$ cat coords-v1.txt   # compact mmCIF, N, CA and C atoms
# COMPACT_ATOMS: atom_id res chain seq x y z
N MET A 1 -13.92 -3.99 51.61
CA MET A 1 -14.08 -5.29 50.98
C MET A 1 -12.74 -5.85 50.55
N ASN A 2 -12.68 -7.13 50.49
CA ASN A 2 -11.45 -7.80 50.08
C ASN A 2 -11.37 -7.83 48.55
N SER A 3 -10.41 -7.12 47.99
CA SER A 3 -10.30 -7.03 46.53
C SER A 3 -9.69 -8.28 45.91
N SER A 4 -9.26 -9.25 46.73
CA SER A 4 -8.67 -10.46 46.18
C SER A 4 -9.71 -11.53 45.88
N ASN A 5 -10.97 -11.29 46.20
CA ASN A 5 -12.02 -12.25 45.89
C ASN A 5 -12.14 -12.42 44.39
N SER A 6 -12.36 -13.65 43.92
CA SER A 6 -12.44 -13.90 42.49
C SER A 6 -13.60 -13.14 41.85
N PHE A 7 -14.65 -12.85 42.60
CA PHE A 7 -15.78 -12.08 42.09
C PHE A 7 -15.31 -10.73 41.56
N TYR A 8 -14.35 -10.11 42.24
CA TYR A 8 -13.87 -8.80 41.83
C TYR A 8 -12.74 -8.90 40.80
N ASP A 9 -12.15 -10.07 40.66
CA ASP A 9 -11.03 -10.23 39.74
C ASP A 9 -11.47 -10.41 38.29
N VAL A 10 -12.64 -10.98 38.07
CA VAL A 10 -13.11 -11.23 36.72
C VAL A 10 -14.47 -10.57 36.55
N LEU A 11 -14.58 -9.70 35.57
CA LEU A 11 -15.82 -9.00 35.29
C LEU A 11 -16.36 -9.48 33.95
N TYR A 12 -17.66 -9.59 33.84
CA TYR A 12 -18.25 -10.03 32.58
C TYR A 12 -19.05 -8.89 31.97
N ALA A 13 -18.88 -8.69 30.65
CA ALA A 13 -19.61 -7.64 29.94
C ALA A 13 -19.73 -8.05 28.49
N ASP A 14 -20.90 -8.01 27.95
CA ASP A 14 -21.13 -8.33 26.54
C ASP A 14 -20.54 -9.68 26.15
N LYS A 15 -20.67 -10.67 27.03
CA LYS A 15 -20.16 -12.03 26.80
C LYS A 15 -18.65 -12.05 26.57
N LYS A 16 -17.95 -11.08 27.09
CA LYS A 16 -16.49 -11.05 27.03
C LYS A 16 -15.96 -11.06 28.45
N ILE A 17 -14.84 -11.68 28.63
CA ILE A 17 -14.22 -11.72 29.94
C ILE A 17 -13.22 -10.57 30.02
N LEU A 18 -13.36 -9.75 31.05
CA LEU A 18 -12.46 -8.63 31.25
C LEU A 18 -11.53 -8.98 32.40
N ILE A 19 -10.24 -8.90 32.18
CA ILE A 19 -9.26 -9.22 33.20
C ILE A 19 -8.54 -7.94 33.60
N PRO A 20 -8.75 -7.47 34.84
CA PRO A 20 -8.04 -6.26 35.26
C PRO A 20 -6.58 -6.55 35.55
N HIS A 21 -5.71 -5.60 35.24
CA HIS A 21 -4.29 -5.72 35.57
C HIS A 21 -4.08 -5.17 36.97
N THR A 22 -2.96 -5.49 37.57
CA THR A 22 -2.67 -4.98 38.90
C THR A 22 -2.21 -3.53 38.85
N ASN A 23 -1.64 -3.10 37.74
CA ASN A 23 -1.19 -1.72 37.59
C ASN A 23 -2.34 -0.90 37.02
N ASN A 24 -2.75 0.13 37.71
CA ASN A 24 -3.91 0.93 37.29
C ASN A 24 -3.68 1.68 35.99
N ASN A 25 -2.43 1.82 35.56
CA ASN A 25 -2.14 2.53 34.32
C ASN A 25 -2.30 1.65 33.09
N GLU A 26 -2.44 0.36 33.27
CA GLU A 26 -2.56 -0.56 32.14
C GLU A 26 -4.02 -0.74 31.76
N GLU A 27 -4.24 -1.09 30.51
CA GLU A 27 -5.60 -1.32 30.03
C GLU A 27 -6.13 -2.65 30.53
N ILE A 28 -7.45 -2.80 30.55
CA ILE A 28 -8.08 -4.06 30.90
C ILE A 28 -8.04 -4.95 29.67
N GLU A 29 -7.66 -6.20 29.86
CA GLU A 29 -7.55 -7.16 28.76
C GLU A 29 -8.94 -7.73 28.45
N VAL A 30 -9.31 -7.79 27.19
CA VAL A 30 -10.62 -8.30 26.79
C VAL A 30 -10.43 -9.55 25.95
N PHE A 31 -11.09 -10.63 26.36
CA PHE A 31 -11.07 -11.87 25.61
C PHE A 31 -12.48 -12.14 25.11
N GLY A 32 -12.62 -12.27 23.80
CA GLY A 32 -13.92 -12.60 23.24
C GLY A 32 -14.30 -14.03 23.59
N PRO A 33 -15.55 -14.39 23.36
CA PRO A 33 -16.03 -15.73 23.73
C PRO A 33 -15.38 -16.85 22.90
N ASP A 34 -14.79 -16.53 21.76
CA ASP A 34 -14.18 -17.56 20.92
C ASP A 34 -12.72 -17.84 21.26
N VAL A 35 -12.10 -16.99 22.09
CA VAL A 35 -10.68 -17.16 22.41
C VAL A 35 -10.47 -18.43 23.23
N ARG A 36 -9.62 -19.30 22.73
CA ARG A 36 -9.33 -20.56 23.42
C ARG A 36 -7.85 -20.73 23.70
N THR A 37 -6.99 -19.91 23.07
CA THR A 37 -5.55 -20.05 23.19
C THR A 37 -4.92 -18.71 23.55
N LEU A 38 -4.08 -18.72 24.59
CA LEU A 38 -3.29 -17.54 24.92
C LEU A 38 -1.85 -17.80 24.49
N ILE A 39 -1.26 -16.81 23.85
CA ILE A 39 0.11 -16.91 23.38
C ILE A 39 0.91 -15.79 24.02
N PHE A 40 1.94 -16.17 24.78
CA PHE A 40 2.80 -15.18 25.42
C PHE A 40 4.08 -15.04 24.62
N ILE A 41 4.39 -13.79 24.26
CA ILE A 41 5.57 -13.47 23.48
C ILE A 41 6.07 -12.10 23.91
N HIS A 42 7.37 -11.88 23.88
CA HIS A 42 7.93 -10.61 24.35
C HIS A 42 7.74 -9.47 23.36
N ASP A 43 7.84 -9.72 22.08
CA ASP A 43 7.78 -8.65 21.08
C ASP A 43 6.42 -8.65 20.38
N LEU A 44 5.44 -8.02 21.01
CA LEU A 44 4.09 -7.95 20.44
C LEU A 44 4.01 -7.04 19.23
N LYS A 45 4.84 -6.04 19.17
CA LYS A 45 4.72 -5.00 18.14
C LYS A 45 5.20 -5.44 16.77
N SER A 46 5.88 -6.55 16.69
CA SER A 46 6.45 -6.99 15.42
C SER A 46 5.38 -7.56 14.49
N ILE A 47 5.22 -6.95 13.33
CA ILE A 47 4.27 -7.44 12.35
C ILE A 47 4.71 -8.82 11.86
N GLU A 48 6.00 -9.02 11.75
CA GLU A 48 6.53 -10.32 11.33
C GLU A 48 6.15 -11.41 12.34
N ASN A 49 6.24 -11.10 13.64
CA ASN A 49 5.83 -12.07 14.66
C ASN A 49 4.36 -12.41 14.55
N GLU A 50 3.53 -11.40 14.37
CA GLU A 50 2.10 -11.64 14.22
C GLU A 50 1.81 -12.53 13.03
N ALA A 51 2.49 -12.28 11.92
CA ALA A 51 2.28 -13.09 10.71
C ALA A 51 2.73 -14.53 10.94
N GLN A 52 3.85 -14.72 11.62
CA GLN A 52 4.34 -16.08 11.89
C GLN A 52 3.39 -16.81 12.83
N ILE A 53 2.92 -16.14 13.86
CA ILE A 53 1.98 -16.77 14.79
C ILE A 53 0.70 -17.12 14.07
N GLU A 54 0.22 -16.23 13.21
CA GLU A 54 -0.99 -16.52 12.46
C GLU A 54 -0.82 -17.78 11.60
N LYS A 55 0.33 -17.92 10.93
CA LYS A 55 0.59 -19.12 10.13
C LYS A 55 0.58 -20.38 10.99
N ILE A 56 1.20 -20.30 12.16
CA ILE A 56 1.23 -21.45 13.07
C ILE A 56 -0.17 -21.80 13.53
N MET A 57 -0.95 -20.81 13.92
CA MET A 57 -2.29 -21.08 14.43
C MET A 57 -3.23 -21.60 13.34
N VAL A 58 -3.11 -21.07 12.12
CA VAL A 58 -3.90 -21.58 10.99
C VAL A 58 -3.55 -23.05 10.74
N ALA A 59 -2.25 -23.38 10.81
CA ALA A 59 -1.84 -24.78 10.63
C ALA A 59 -2.41 -25.67 11.73
N CYS A 60 -2.69 -25.09 12.90
CA CYS A 60 -3.30 -25.84 14.00
C CYS A 60 -4.83 -25.85 13.91
N GLY A 61 -5.38 -25.18 12.91
CA GLY A 61 -6.82 -25.16 12.72
C GLY A 61 -7.53 -24.06 13.49
N LEU A 62 -6.82 -23.04 13.93
CA LEU A 62 -7.44 -21.94 14.68
C LEU A 62 -7.51 -20.67 13.85
N SER A 63 -8.60 -19.96 14.01
CA SER A 63 -8.75 -18.65 13.34
C SER A 63 -8.20 -17.57 14.26
N SER A 64 -8.04 -16.37 13.73
CA SER A 64 -7.49 -15.26 14.53
C SER A 64 -8.40 -14.89 15.70
N LYS A 65 -9.67 -15.24 15.66
CA LYS A 65 -10.58 -14.97 16.77
C LYS A 65 -10.40 -15.95 17.92
N GLN A 66 -9.67 -17.03 17.67
CA GLN A 66 -9.54 -18.10 18.67
C GLN A 66 -8.27 -18.02 19.49
N TYR A 67 -7.41 -17.03 19.23
CA TYR A 67 -6.21 -16.89 20.05
C TYR A 67 -5.96 -15.43 20.35
N LYS A 68 -5.23 -15.21 21.43
CA LYS A 68 -4.88 -13.86 21.87
C LYS A 68 -3.40 -13.84 22.18
N ILE A 69 -2.69 -12.85 21.61
CA ILE A 69 -1.26 -12.70 21.83
C ILE A 69 -1.06 -11.67 22.94
N LEU A 70 -0.28 -12.05 23.96
CA LEU A 70 -0.07 -11.20 25.13
C LEU A 70 1.40 -11.07 25.47
N MET A 71 1.74 -9.98 26.14
CA MET A 71 3.06 -9.84 26.76
C MET A 71 3.06 -10.67 28.05
N PRO A 72 4.21 -11.23 28.42
CA PRO A 72 4.26 -11.98 29.69
C PRO A 72 3.89 -11.09 30.87
N ARG A 73 3.10 -11.66 31.78
CA ARG A 73 2.70 -10.97 33.00
C ARG A 73 2.19 -12.01 33.99
N PRO A 74 2.01 -11.65 35.25
CA PRO A 74 1.57 -12.65 36.23
C PRO A 74 0.30 -13.37 35.81
N TRP A 75 0.31 -14.67 36.00
CA TRP A 75 -0.79 -15.53 35.60
C TRP A 75 -1.98 -15.42 36.53
N ASN A 76 -1.81 -14.91 37.74
CA ASN A 76 -2.89 -14.95 38.74
C ASN A 76 -4.18 -14.29 38.27
N GLY A 77 -4.15 -13.30 37.42
CA GLY A 77 -5.37 -12.68 36.92
C GLY A 77 -6.00 -13.44 35.77
N LEU A 78 -5.30 -14.43 35.24
CA LEU A 78 -5.78 -15.16 34.07
C LEU A 78 -6.20 -16.59 34.38
N GLN A 79 -5.87 -17.09 35.54
CA GLN A 79 -6.07 -18.51 35.82
C GLN A 79 -7.53 -18.94 35.83
N ASN A 80 -8.46 -18.04 36.03
CA ASN A 80 -9.88 -18.42 36.09
C ASN A 80 -10.61 -18.25 34.77
N THR A 81 -9.89 -18.12 33.67
CA THR A 81 -10.51 -17.98 32.36
C THR A 81 -10.85 -19.37 31.83
N GLU A 82 -12.08 -19.79 32.05
CA GLU A 82 -12.50 -21.15 31.72
C GLU A 82 -12.48 -21.46 30.24
N GLY A 83 -12.67 -20.48 29.38
CA GLY A 83 -12.70 -20.73 27.95
C GLY A 83 -11.33 -20.98 27.34
N ILE A 84 -10.28 -20.72 28.10
CA ILE A 84 -8.93 -20.92 27.60
C ILE A 84 -8.54 -22.38 27.76
N HIS A 85 -8.13 -23.00 26.65
CA HIS A 85 -7.72 -24.40 26.66
C HIS A 85 -6.21 -24.57 26.63
N GLU A 86 -5.52 -23.68 25.88
CA GLU A 86 -4.08 -23.80 25.69
C GLU A 86 -3.39 -22.50 26.02
N VAL A 87 -2.15 -22.64 26.50
CA VAL A 87 -1.28 -21.50 26.72
C VAL A 87 0.05 -21.84 26.06
N ILE A 88 0.48 -21.00 25.13
CA ILE A 88 1.73 -21.24 24.41
C ILE A 88 2.72 -20.15 24.81
N LEU A 89 3.90 -20.58 25.23
CA LEU A 89 4.94 -19.66 25.69
C LEU A 89 6.08 -19.63 24.67
N PHE A 90 6.22 -18.52 23.97
CA PHE A 90 7.33 -18.34 23.05
C PHE A 90 8.44 -17.58 23.78
N GLY A 91 9.43 -18.31 24.28
CA GLY A 91 10.54 -17.68 24.96
C GLY A 91 10.19 -17.07 26.30
N THR A 92 9.02 -17.33 26.80
CA THR A 92 8.56 -16.79 28.07
C THR A 92 8.91 -17.76 29.18
N LYS A 93 9.53 -17.26 30.22
CA LYS A 93 9.89 -18.07 31.38
C LYS A 93 8.70 -18.14 32.34
N GLU A 94 8.57 -19.26 32.98
CA GLU A 94 7.48 -19.46 33.93
C GLU A 94 7.50 -18.40 35.04
N LYS A 95 8.69 -18.01 35.46
CA LYS A 95 8.83 -17.00 36.52
C LYS A 95 8.20 -15.66 36.10
N GLU A 96 8.23 -15.35 34.80
CA GLU A 96 7.61 -14.10 34.31
C GLU A 96 6.10 -14.11 34.50
N LEU A 97 5.52 -15.29 34.61
CA LEU A 97 4.09 -15.43 34.83
C LEU A 97 3.78 -15.69 36.30
N ASP A 98 4.79 -15.60 37.15
CA ASP A 98 4.69 -15.91 38.58
C ASP A 98 4.25 -17.35 38.83
N LEU A 99 4.74 -18.26 38.00
CA LEU A 99 4.44 -19.68 38.17
C LEU A 99 5.66 -20.36 38.78
N ASN A 100 5.42 -21.19 39.77
CA ASN A 100 6.50 -21.91 40.43
C ASN A 100 6.57 -23.34 39.89
N ILE A 101 6.86 -23.43 38.62
CA ILE A 101 6.94 -24.70 37.92
C ILE A 101 7.91 -24.50 36.75
N GLN A 102 8.43 -25.57 36.23
CA GLN A 102 9.26 -25.46 35.03
C GLN A 102 8.74 -26.47 34.00
N PHE A 103 8.29 -25.95 32.87
CA PHE A 103 7.76 -26.79 31.80
C PHE A 103 8.89 -27.26 30.90
N PRO A 104 8.78 -28.48 30.38
CA PRO A 104 9.77 -28.91 29.38
C PRO A 104 9.51 -28.20 28.06
N ILE A 105 10.53 -28.12 27.24
CA ILE A 105 10.42 -27.47 25.94
C ILE A 105 9.72 -28.41 24.96
N ASN A 106 8.79 -27.84 24.18
CA ASN A 106 8.10 -28.54 23.09
C ASN A 106 7.37 -29.81 23.52
N ARG A 107 6.72 -29.73 24.66
CA ARG A 107 5.88 -30.81 25.16
C ARG A 107 4.58 -30.19 25.65
N THR A 108 3.51 -30.96 25.66
CA THR A 108 2.25 -30.48 26.21
C THR A 108 2.17 -30.93 27.66
N ILE A 109 1.85 -29.99 28.54
CA ILE A 109 1.79 -30.25 29.97
C ILE A 109 0.47 -29.70 30.52
N PRO A 110 -0.34 -30.54 31.18
CA PRO A 110 -1.56 -30.02 31.82
C PRO A 110 -1.19 -29.31 33.13
N PHE A 111 -1.72 -28.10 33.30
CA PHE A 111 -1.44 -27.32 34.51
C PHE A 111 -2.51 -26.23 34.62
N TYR A 112 -3.05 -26.03 35.79
CA TYR A 112 -4.12 -25.06 36.02
C TYR A 112 -5.33 -25.30 35.11
N GLY A 113 -5.60 -26.55 34.77
CA GLY A 113 -6.76 -26.87 33.94
C GLY A 113 -6.61 -26.49 32.48
N LYS A 114 -5.38 -26.20 32.06
CA LYS A 114 -5.10 -25.84 30.68
C LYS A 114 -3.91 -26.66 30.18
N THR A 115 -3.72 -26.70 28.88
CA THR A 115 -2.55 -27.37 28.32
C THR A 115 -1.53 -26.30 27.99
N TRP A 116 -0.32 -26.50 28.50
CA TRP A 116 0.76 -25.53 28.33
C TRP A 116 1.78 -26.09 27.36
N ILE A 117 2.25 -25.23 26.46
CA ILE A 117 3.30 -25.60 25.52
C ILE A 117 4.35 -24.49 25.58
N LYS A 118 5.55 -24.88 25.99
CA LYS A 118 6.65 -23.92 26.08
C LYS A 118 7.63 -24.22 24.95
N THR A 119 8.08 -23.18 24.29
CA THR A 119 9.11 -23.33 23.27
C THR A 119 10.05 -22.13 23.33
N TYR A 120 10.97 -22.09 22.41
CA TYR A 120 11.96 -21.02 22.35
C TYR A 120 11.33 -19.75 21.79
N GLU A 121 12.11 -18.65 21.81
CA GLU A 121 11.66 -17.40 21.19
C GLU A 121 11.17 -17.70 19.77
N LEU A 122 10.16 -16.99 19.33
CA LEU A 122 9.58 -17.23 18.01
C LEU A 122 10.63 -17.11 16.91
N SER A 123 11.47 -16.09 16.97
CA SER A 123 12.48 -15.92 15.92
C SER A 123 13.47 -17.09 15.90
N THR A 124 13.80 -17.63 17.06
CA THR A 124 14.70 -18.77 17.14
C THR A 124 14.07 -20.00 16.50
N VAL A 125 12.81 -20.23 16.79
CA VAL A 125 12.09 -21.38 16.22
C VAL A 125 11.98 -21.23 14.70
N MET A 126 11.60 -20.05 14.25
CA MET A 126 11.37 -19.85 12.82
C MET A 126 12.67 -19.89 12.01
N ASN A 127 13.79 -19.60 12.63
CA ASN A 127 15.07 -19.59 11.92
C ASN A 127 15.87 -20.87 12.06
N ASN A 128 15.30 -21.88 12.71
CA ASN A 128 16.00 -23.13 12.91
C ASN A 128 15.05 -24.28 12.56
N GLN A 129 15.27 -24.92 11.43
CA GLN A 129 14.35 -25.94 10.94
C GLN A 129 14.18 -27.10 11.92
N SER A 130 15.26 -27.52 12.59
CA SER A 130 15.12 -28.64 13.52
C SER A 130 14.28 -28.26 14.74
N LEU A 131 14.44 -27.02 15.24
CA LEU A 131 13.59 -26.56 16.36
C LEU A 131 12.14 -26.42 15.92
N LYS A 132 11.94 -25.93 14.71
CA LYS A 132 10.59 -25.79 14.16
C LYS A 132 9.93 -27.16 14.05
N ASN A 133 10.66 -28.15 13.53
CA ASN A 133 10.14 -29.51 13.42
C ASN A 133 9.82 -30.11 14.78
N GLU A 134 10.72 -29.90 15.74
CA GLU A 134 10.50 -30.42 17.09
C GLU A 134 9.24 -29.82 17.71
N PHE A 135 9.06 -28.51 17.58
CA PHE A 135 7.89 -27.81 18.10
C PHE A 135 6.61 -28.36 17.46
N TRP A 136 6.65 -28.55 16.15
CA TRP A 136 5.50 -29.04 15.42
C TRP A 136 5.20 -30.51 15.74
N LYS A 137 6.20 -31.38 15.63
CA LYS A 137 5.98 -32.82 15.77
C LYS A 137 5.75 -33.28 17.21
N ASN A 138 6.40 -32.62 18.17
CA ASN A 138 6.30 -33.06 19.56
C ASN A 138 5.19 -32.38 20.34
N ALA A 139 4.75 -31.22 19.90
CA ALA A 139 3.77 -30.47 20.68
C ALA A 139 2.49 -30.16 19.91
N LEU A 140 2.62 -29.35 18.87
CA LEU A 140 1.42 -28.87 18.18
C LEU A 140 0.66 -29.96 17.44
N LYS A 141 1.36 -30.72 16.64
CA LYS A 141 0.70 -31.74 15.81
C LYS A 141 -0.06 -32.78 16.65
N PRO A 142 0.56 -33.37 17.67
CA PRO A 142 -0.20 -34.34 18.47
C PRO A 142 -1.33 -33.69 19.29
N TYR A 143 -1.07 -32.50 19.82
CA TYR A 143 -2.10 -31.87 20.66
C TYR A 143 -3.33 -31.49 19.85
N PHE A 144 -3.11 -30.86 18.70
CA PHE A 144 -4.24 -30.42 17.88
C PHE A 144 -4.76 -31.51 16.96
N GLY A 145 -4.20 -32.71 17.04
CA GLY A 145 -4.69 -33.85 16.27
C GLY A 145 -4.50 -33.71 14.78
N LEU A 146 -3.34 -33.24 14.38
CA LEU A 146 -3.08 -32.99 12.95
C LEU A 146 -2.22 -34.09 12.35

$ encode --input "coords-v1.txt" --output "structure tokens"
Amino acid sequence: MNSSNSFYDVLYADKKILIPHTNNNEEIEVFGPDVRTLIFIHDLKSIENEAQIEKIMVACGLSSKQYKILMPRPWNGLQNTEGIHEVILFGTKEKELDLNIQFPINRTIPFYGKTWIKTYELSTVMNNQSLKNEFWKNALKPYFGL
């Protein structure tokens, strides 16, 4: 059988979408039914990063159940996730997701049926008030209607 068929790429269980990785040693990613935003960041392990992202998402009106923080990886296994509305890239390059496009910084761009927001590394944004303001005023505030 052809393993590239979308039927085999996305499995459903307990109303959660399971996304298999291409590397058999990696875990299967689970997105609950409430997840609407994917956030790509390089340093997942940082408690400080998680706290900063939580503050940003709360300011956007999202609860912790509505977003998922991920390490950058090819987008091809994630593109068919219909419940996802936004993808936020903190310092993540499009090439890391195997996307052949270049997004502008701190703007909302429709692509693959989702809204994409690319910005600088989280630590860079949080440590620079003008970058933080630009990210908020040009991307998050207008998109989330705040």

$ closest_residue --input "coords-v1.txt" --among "A:Lys137, A:Glu96, A:Asn127, A:Phe144" --to "A:Pro74" --atoms "only N, CA and C atoms"
A:Glu96

$ closest_residue --input "coords-v1.txt" --among "A:Leu146, A:Asn100, A:Ile47, A:Ile39" --to "A:Pro72" --atoms "only N, CA and C atoms"
A:Ile39

$ residues_around --input "coords-v1.txt" --residues "A:Lys68" --least-positions-apart "2" --cutoff "9 Å" --atoms "only C-alpha atoms" --output "list in words"
Phe31, Val35, Arg36, Thr37, Leu38, Ile39, Phe40, Ser64, Lys65, Gln66 and Leu70 of chain A

$ closest_residue --input "coords-v1.txt" --among "A:Leu44, A:Ile69, A:Met126, A:Ile117" --to "A:Pro142" --atoms "only C-alpha atoms"
A:Ile117
